[in-house]
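Novice: Here you go, target.cif (mmCIF, C-alpha atoms and all ligand atoms):
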data_work
loop_
_atom_site.label_atom_id
_atom_site.label_comp_id
_atom_site.auth_asym_id
_atom_site.auth_seq_id
_atom_site.Cartn_x
_atom_site.Cartn_y
_atom_site.Cartn_z
CA MET A 1 -61.16 -79.94 -41.64
CA VAL A 2 -60.32 -83.59 -41.09
CA SER A 3 -57.74 -83.99 -38.37
CA LEU A 4 -54.87 -85.72 -40.12
CA THR A 5 -51.86 -86.62 -38.07
CA PHE A 6 -48.25 -86.44 -39.10
CA ALA A 7 -46.53 -89.79 -39.11
CA GLN A 8 -42.87 -89.92 -40.00
CA GLU A 9 -41.86 -93.55 -39.81
CA GLY A 10 -39.05 -94.61 -42.09
CA PRO A 11 -38.05 -92.71 -45.18
CA ALA A 12 -40.03 -89.64 -46.19
CA ARG A 13 -42.07 -89.81 -49.37
CA ILE A 14 -41.82 -86.73 -51.54
CA ILE A 15 -43.66 -85.99 -54.77
CA PHE A 16 -42.66 -83.12 -57.05
CA ILE A 17 -45.34 -82.06 -59.54
CA GLY A 18 -44.67 -79.95 -62.62
CA ALA A 19 -46.56 -79.07 -65.78
CA HIS A 20 -43.92 -80.30 -68.25
CA PRO A 21 -41.24 -82.98 -68.39
CA ASP A 22 -38.29 -80.81 -67.17
CA ASP A 23 -40.14 -78.48 -64.74
CA CYS A 24 -39.56 -80.52 -61.56
CA ASP A 25 -35.94 -80.94 -62.64
CA GLN A 26 -35.28 -77.23 -62.93
CA ASP A 27 -37.21 -76.08 -59.85
CA GLY A 28 -36.53 -78.90 -57.41
CA GLY A 29 -34.00 -81.28 -58.96
CA GLY A 30 -31.15 -80.52 -56.57
CA THR A 31 -33.33 -81.02 -53.51
CA ALA A 32 -34.74 -84.20 -55.02
CA ALA A 33 -31.26 -85.59 -55.66
CA MET A 34 -30.33 -84.89 -52.03
CA PHE A 35 -33.48 -86.59 -50.73
CA ALA A 36 -32.79 -89.59 -52.96
CA LYS A 37 -29.16 -89.85 -51.77
CA MET A 38 -30.40 -89.87 -48.16
CA GLY A 39 -32.63 -92.85 -48.95
CA HIS A 40 -35.97 -91.07 -49.19
CA ALA A 41 -38.53 -91.97 -51.84
CA VAL A 42 -38.88 -89.31 -54.51
CA LYS A 43 -41.18 -89.10 -57.50
CA PHE A 44 -41.48 -86.52 -60.28
CA VAL A 45 -44.82 -86.12 -62.03
CA SER A 46 -45.24 -84.13 -65.22
CA VAL A 47 -48.93 -83.31 -65.66
CA THR A 48 -48.62 -82.87 -69.44
CA ASN A 49 -46.73 -85.03 -71.93
CA GLY A 50 -44.82 -82.11 -73.42
CA ASP A 51 -46.16 -82.65 -76.92
CA ALA A 52 -46.14 -78.95 -77.83
CA GLY A 53 -42.62 -78.08 -76.69
CA HIS A 54 -40.62 -78.07 -79.89
CA GLN A 55 -40.23 -75.97 -83.05
CA SER A 56 -40.13 -78.80 -85.59
CA ILE A 57 -41.47 -82.01 -83.97
CA GLY A 58 -44.90 -82.36 -82.36
CA GLY A 59 -47.73 -84.61 -81.23
CA GLY A 60 -47.18 -88.25 -80.36
CA ALA A 61 -43.65 -88.29 -81.81
CA LEU A 62 -42.56 -85.47 -79.51
CA ALA A 63 -44.36 -86.94 -76.48
CA LYS A 64 -42.42 -90.18 -77.01
CA ILE A 65 -39.11 -88.33 -77.08
CA ARG A 66 -39.99 -86.37 -73.97
CA ILE A 67 -41.11 -89.43 -72.01
CA ALA A 68 -37.80 -91.12 -72.85
CA GLU A 69 -35.87 -87.98 -71.81
CA ALA A 70 -37.80 -87.82 -68.53
CA LYS A 71 -37.08 -91.48 -67.75
CA GLU A 72 -33.36 -90.89 -68.33
CA ALA A 73 -33.40 -87.71 -66.22
CA GLY A 74 -35.16 -89.64 -63.44
CA LYS A 75 -32.39 -92.24 -63.46
CA ARG A 76 -29.75 -89.51 -63.19
CA PHE A 77 -31.57 -87.83 -60.29
CA GLY A 78 -32.27 -91.15 -58.59
CA VAL A 79 -36.04 -90.62 -58.67
CA GLU A 80 -39.07 -92.17 -60.32
CA TYR A 81 -40.37 -90.02 -63.21
CA VAL A 82 -43.94 -90.23 -64.47
CA VAL A 83 -45.41 -88.33 -67.41
CA LEU A 84 -49.20 -88.06 -67.47
CA ASN A 85 -50.88 -88.17 -70.86
CA ASN A 86 -52.43 -84.69 -71.06
CA HIS A 87 -51.69 -82.34 -73.96
CA ASP A 88 -49.03 -79.69 -73.48
CA GLY A 89 -50.23 -76.11 -73.81
CA GLU A 90 -53.86 -77.13 -73.41
CA LEU A 91 -54.06 -77.98 -69.70
CA ILE A 92 -57.18 -76.80 -67.90
CA PRO A 93 -58.01 -77.40 -64.23
CA SER A 94 -60.66 -80.03 -65.00
CA LEU A 95 -62.10 -82.59 -62.62
CA ASN A 96 -60.52 -85.33 -64.72
CA VAL A 97 -56.98 -83.99 -64.24
CA ARG A 98 -57.64 -83.18 -60.57
CA LEU A 99 -58.49 -86.86 -60.03
CA GLN A 100 -55.28 -87.91 -61.81
CA ILE A 101 -53.31 -85.76 -59.38
CA ILE A 102 -55.17 -87.01 -56.32
CA ARG A 103 -54.37 -90.54 -57.50
CA GLU A 104 -50.67 -89.74 -57.87
CA ILE A 105 -50.40 -88.14 -54.41
CA ARG A 106 -52.35 -90.96 -52.72
CA GLU A 107 -50.56 -93.80 -54.47
CA TRP A 108 -47.21 -92.27 -53.51
CA ASN A 109 -48.49 -91.93 -49.92
CA ALA A 110 -46.83 -88.52 -49.96
CA ASP A 111 -45.55 -86.71 -46.88
CA VAL A 112 -44.51 -83.72 -48.98
CA VAL A 113 -45.99 -82.39 -52.22
CA ILE A 114 -44.19 -79.64 -54.16
CA ALA A 115 -45.85 -77.78 -57.05
CA PRO A 116 -45.90 -74.39 -58.81
CA ARG A 117 -47.73 -71.39 -57.46
CA PRO A 118 -50.88 -70.59 -59.44
CA ASN A 119 -49.47 -67.27 -60.72
CA ASP A 120 -47.26 -67.79 -63.74
CA TYR A 121 -46.77 -66.71 -67.35
CA HIS A 122 -47.52 -70.21 -68.67
CA PRO A 123 -51.12 -71.45 -68.42
CA ASP A 124 -49.96 -75.05 -67.87
CA HIS A 125 -47.86 -73.97 -64.87
CA ARG A 126 -50.69 -71.84 -63.53
CA TYR A 127 -53.25 -74.63 -63.79
CA THR A 128 -50.88 -77.23 -62.36
CA GLY A 129 -50.72 -74.96 -59.31
CA ILE A 130 -54.52 -74.79 -59.16
CA LEU A 131 -54.91 -78.53 -59.68
CA VAL A 132 -52.56 -79.37 -56.82
CA GLN A 133 -54.25 -76.82 -54.55
CA ASP A 134 -57.58 -78.42 -55.48
CA ALA A 135 -56.20 -81.80 -54.45
CA ALA A 136 -54.69 -80.64 -51.14
CA TYR A 137 -57.74 -81.29 -49.00
CA ILE A 138 -59.47 -83.92 -51.15
CA VAL A 139 -56.56 -86.41 -50.87
CA GLY A 140 -58.01 -87.22 -47.43
CA VAL A 141 -61.67 -87.51 -48.51
CA PRO A 142 -62.64 -91.20 -48.95
CA ASN A 143 -65.69 -90.64 -51.14
CA ILE A 144 -63.66 -88.92 -53.85
CA LEU A 145 -61.82 -91.41 -56.06
CA PRO A 146 -62.91 -94.32 -53.84
CA ASP A 147 -60.77 -96.91 -55.68
CA VAL A 148 -57.61 -95.44 -54.09
CA PRO A 149 -57.49 -95.28 -50.27
CA PRO A 150 -57.42 -91.70 -48.93
CA LEU A 151 -54.32 -90.44 -47.16
CA LYS A 152 -54.59 -90.74 -43.38
CA LYS A 153 -52.16 -87.89 -42.85
CA ASN A 154 -52.43 -84.70 -44.83
CA PRO A 155 -49.13 -83.97 -46.62
CA VAL A 156 -47.26 -80.69 -46.37
CA PHE A 157 -47.70 -78.78 -49.64
CA LEU A 158 -45.03 -76.37 -50.82
CA TYR A 159 -44.46 -74.17 -53.85
CA TYR A 160 -41.40 -73.84 -56.06
CA GLN A 161 -39.64 -70.50 -56.22
CA ASP A 162 -40.73 -68.04 -58.91
CA TYR A 163 -40.31 -64.34 -59.58
CA PHE A 164 -43.88 -63.19 -60.12
CA GLN A 165 -44.90 -60.23 -57.98
CA ARG A 166 -48.69 -60.20 -58.26
CA PRO A 167 -50.79 -60.76 -56.30
CA ASN A 168 -47.91 -61.44 -53.90
CA PRO A 169 -44.23 -62.30 -54.30
CA PHE A 170 -42.83 -65.74 -53.48
CA ARG A 171 -41.87 -66.16 -49.81
CA PRO A 172 -38.90 -68.48 -49.23
CA ASP A 173 -39.81 -70.49 -46.11
CA VAL A 174 -37.27 -73.19 -46.87
CA ALA A 175 -34.01 -72.81 -48.79
CA VAL A 176 -31.88 -75.84 -49.56
CA ASP A 177 -28.15 -75.61 -50.27
CA ILE A 178 -27.79 -77.70 -53.43
CA THR A 179 -24.18 -76.73 -54.18
CA SER A 180 -22.91 -80.30 -53.59
CA VAL A 181 -25.33 -81.76 -56.16
CA PHE A 182 -25.42 -78.93 -58.68
CA ASP A 183 -23.28 -80.77 -61.25
CA GLN A 184 -25.51 -83.83 -60.90
CA LYS A 185 -28.59 -81.64 -61.36
CA ILE A 186 -27.22 -80.18 -64.60
CA TYR A 187 -26.18 -83.60 -65.88
CA ALA A 188 -29.67 -84.95 -65.14
CA MET A 189 -31.35 -81.93 -66.75
CA SER A 190 -29.25 -82.37 -69.87
CA ALA A 191 -31.19 -85.59 -70.51
CA HIS A 192 -33.97 -83.27 -71.76
CA ALA A 193 -31.93 -82.52 -74.88
CA SER A 194 -35.00 -81.52 -76.92
CA GLN A 195 -35.65 -78.78 -74.36
CA PHE A 196 -32.41 -77.35 -73.05
CA PHE A 197 -30.45 -77.56 -76.31
CA GLU A 198 -33.23 -77.15 -78.89
CA TRP A 199 -36.63 -75.79 -77.93
CA LEU A 200 -35.85 -73.33 -75.11
CA PRO A 201 -32.92 -71.72 -76.98
CA TRP A 202 -35.10 -71.50 -80.11
CA ILE A 203 -38.12 -69.89 -78.43
CA GLY A 204 -35.80 -67.70 -76.34
CA GLY A 205 -33.92 -66.47 -79.41
CA TYR A 206 -30.47 -67.75 -78.37
CA ALA A 207 -30.20 -70.97 -80.41
CA ASP A 208 -26.93 -69.71 -81.90
CA GLN A 209 -25.31 -69.85 -78.43
CA VAL A 210 -25.73 -73.61 -77.90
CA PRO A 211 -22.33 -75.28 -78.36
CA GLU A 212 -21.66 -78.67 -79.95
CA GLY A 213 -20.33 -81.64 -77.97
CA THR A 214 -21.44 -83.16 -74.67
CA GLU A 215 -18.85 -81.53 -72.38
CA ALA A 216 -19.23 -78.08 -73.90
CA ARG A 217 -23.00 -78.36 -73.63
CA LEU A 218 -22.85 -79.33 -69.95
CA GLU A 219 -20.61 -76.36 -69.18
CA TRP A 220 -22.92 -74.06 -71.11
CA LEU A 221 -26.02 -75.47 -69.37
CA LYS A 222 -24.45 -74.82 -65.97
CA LYS A 223 -24.25 -71.14 -66.79
CA ASP A 224 -27.60 -71.03 -68.55
CA ARG A 225 -29.44 -72.68 -65.64
CA THR A 226 -27.73 -71.09 -62.64
CA VAL A 227 -30.38 -69.40 -60.51
CA ILE A 228 -29.26 -66.18 -58.85
CA ILE A 229 -29.70 -66.36 -55.07
CA THR A 230 -31.94 -63.43 -54.11
CA PRO A 231 -31.38 -61.52 -50.84
CA GLU A 232 -34.58 -63.10 -49.46
CA VAL A 233 -33.36 -66.62 -50.24
CA ARG A 234 -29.95 -65.83 -48.74
CA LYS A 235 -31.70 -64.73 -45.55
CA THR A 236 -33.62 -67.99 -45.42
CA LEU A 237 -30.38 -69.92 -45.95
CA GLU A 238 -28.97 -68.04 -42.93
CA LYS A 239 -31.97 -69.05 -40.86
CA TRP A 240 -31.54 -72.75 -41.59
CA TYR A 241 -27.76 -73.13 -41.98
CA GLY A 242 -26.31 -70.23 -39.97
CA LYS A 243 -24.70 -67.10 -41.37
CA GLU A 244 -21.26 -68.50 -42.06
CA THR A 245 -22.39 -71.54 -44.05
CA ALA A 246 -25.10 -69.55 -45.85
CA ALA A 247 -22.52 -67.09 -47.16
CA LYS A 248 -20.73 -69.93 -48.98
CA VAL A 249 -23.79 -71.37 -50.73
CA ALA A 250 -23.39 -71.09 -54.51
CA HIS A 251 -26.63 -72.80 -55.58
CA ALA A 252 -29.94 -73.06 -53.75
CA GLU A 253 -33.56 -74.08 -54.25
CA ALA A 254 -36.26 -72.37 -52.23
CA PHE A 255 -39.82 -73.35 -51.38
CA GLU A 256 -42.84 -71.65 -49.85
CA VAL A 257 -45.23 -73.47 -47.52
CA CYS A 258 -48.75 -73.59 -49.00
CA GLU A 259 -51.62 -72.57 -46.73
CA TYR A 260 -53.54 -75.71 -47.62
CA GLY A 261 -52.59 -79.17 -46.43
CA ARG A 262 -50.73 -79.67 -43.18
CA ARG A 263 -49.20 -76.50 -41.71
CA PRO A 264 -45.73 -77.49 -40.51
CA THR A 265 -43.77 -75.91 -37.66
CA ASP A 266 -40.06 -75.22 -38.13
CA ASP A 267 -39.38 -78.48 -36.28
CA ASP A 268 -41.59 -80.36 -38.73
CA LEU A 269 -39.74 -78.77 -41.65
CA LYS A 270 -36.41 -79.80 -40.12
CA LYS A 271 -37.67 -83.38 -39.98
CA LEU A 272 -39.06 -83.29 -43.49
CA PHE A 273 -35.99 -81.60 -44.97
CA PRO A 274 -33.17 -83.35 -43.08
CA MET A 275 -30.55 -81.63 -45.25
CA LEU A 276 -31.38 -78.33 -43.49
CA LYS A 277 -28.74 -78.62 -40.83
CA LYS A 278 -26.50 -76.17 -39.08
CA PRO A 279 -22.94 -77.53 -39.17
ZN ZN B 1 -42.89 -75.80 -67.89
#
The structure given in the file should be rewritten as structure tokens.

Specialist:
Amino acid sequence: MVSLTFAQEGPARIIFIGAHPDDCDQDGGGTAAMFAKMGHAVKFVSVTNGDAGHQSIGGGALAKIRIAEAKEAGKRFGVEYVVLNNHDGELIPSLNVRLQIIREIREWNADVVIAPRPNDYHPDHRYTGILVQDAAYIVGVPNILPDVPPLKKNPVFLYYQDYFQRPNPFRPDVAVDITSVFDQKIYAMSAHASQFFEWLPWIGGYADQVPEGTEARLEWLKKDRTVIITPEVRKTLEKWYGKETAAKVAHAEAFEVCEYGRRPTDDDLKKLFPMLKKP
């Protein structure tokens, strides 16, 4: 293992990676908005262009819509949003895509990389997890992708929360209180109109529940996209914020530290996630 040191000078650089344009938003958008507000540099990367995610539009026409939605969502979160041009629903953990991801992480000079775990119902999510794991060590290897300088410090890699139990359940190492930015998160997510108001309700069989009108839709999306805080996540909130504050948290996002990449101590995590503060 290359010895890569941890250098935190100036703002932290965080990169969220998801399979589809809207994945980073849902799983890490609140945390991203908080980082951005604190002056840190945040980027969202969608590994596919989302060109399969609709019931009546598809291909290049859909990809165009989804790229525009992602750009708007990025503005609302205060982050940069990039959509890579790989087909939705057809992602495989190829060398080509691995190199695209290494490029993204290196060019962002990331301190923190957040991605899905490789156990998931959706193959694109699963392989995004694999692809990022495959990049975790190689981002520091100069002979791979030699046109982009390797990272001198290995980033900390984390996973988004999920509910899959096999082979092992998600372990919340970090839980961020996003209550103060929850409305902003929902407003930003609503930029993906083709997803949250069309495709997901259609494939989920609840299209008849989507209301008309911007305000009504935002209110509906708040309910539809509220993530229940599990007892494990509540415990983690207590660890970082103290019992009293943790009890009042209405919305949270949790992350698990990946075994690859830099292994942070609790003090490192406090530095990397400055919003984790006891009052
Ligand atoms: Zn997805």

Novice: Enumerate, as a ChimeraX atom specification, the protein, DNA and RNA residues whose atoms approach (-45.8, -87.2, -49.2) to within 6 Å, taking into account all atoms listed in the file and the coordinate frame of the file.

Specialist: /A:13-14,109-113,155

Novice: Mind giving me the straight-line distance from CA of Pro172 (chain A) to CA of Ala191 (chain A) in Å, one decimal?

Specialist: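 That distance, rounded to one decimal, is 28.4 Å.
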
Novice: Of the residues A:Glu198, A:Thr48, A:Ala246, A:Ser190, which is the one nearest to Thr214 (chain A), using only C-alpha atoms?

Specialist: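 Looking at the shortest contact to Thr214 (chain A), the residue is A:Ser190.
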
Novice: Select from chain A every residue with an atom at most 7 Å from any atom of ligand ZN 1 (chain B), then for each give the shortest pair of atoms and their distance in Å to one decimal, using only C-alpha atoms and all ligand atoms, rows by chain and rising number, as JSON lines.

Specialist:
{"residue": "A:Gly18", "atom": "CA", "partner": "B:ZN1", "partner_atom": "ZN", "distance": 6.9}
{"residue": "A:Ala19", "atom": "CA", "partner": "B:ZN1", "partner_atom": "ZN", "distance": 5.3}
{"residue": "A:His20", "atom": "CA", "partner": "B:ZN1", "partner_atom": "ZN", "distance": 4.6}
{"residue": "A:Asp22", "atom": "CA", "partner": "B:ZN1", "partner_atom": "ZN", "distance": 6.8}
{"residue": "A:Asp23", "atom": "CA", "partner": "B:ZN1", "partner_atom": "ZN", "distance": 5.0}
{"residue": "A:His125", "atom": "CA", "partner": "B:ZN1", "partner_atom": "ZN", "distance": 6.1}

Novice: So that I can see what lies close to region 56-66 of chain A, please list as a ChimeraX atom specification the residues with an atom at most 10 Å from it, counting all atoms listed in the file and leaving out residues fewer than 2 positions away in the same chain.

Specialist: /A:20-22,48-54,68-72,83,85-88,191-195,198-199

Novice: Near Gly30 (chain A), within 12 Å and counting all atoms listed in the file, which residues show up once chain neighbours fewer than 5 positions away are dropped, as number ranges by chain?

Specialist: A: 16, 24-25, 35-37, 42, 76-79, 175-189, 226-227, 251-254, 275

Novice: Find the distance between CA of Ile130 (chain A) and CA of Lys271 (chain A) and write it in Å to one decimal.

Specialist: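 Those two atoms sit 26.9 Å apart.
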
Novice: By how many Å are CA of Asn119 (chain A) and CA of Ser46 (chain A) apart?

Specialist: 18.0 Å

Novice: Using only C-alpha atoms, can you list as a PyMOL selection string the residues within 12 Å of (-58.2, -94.7, -53.9)?

Specialist: chain A and resi 99-109+138-152
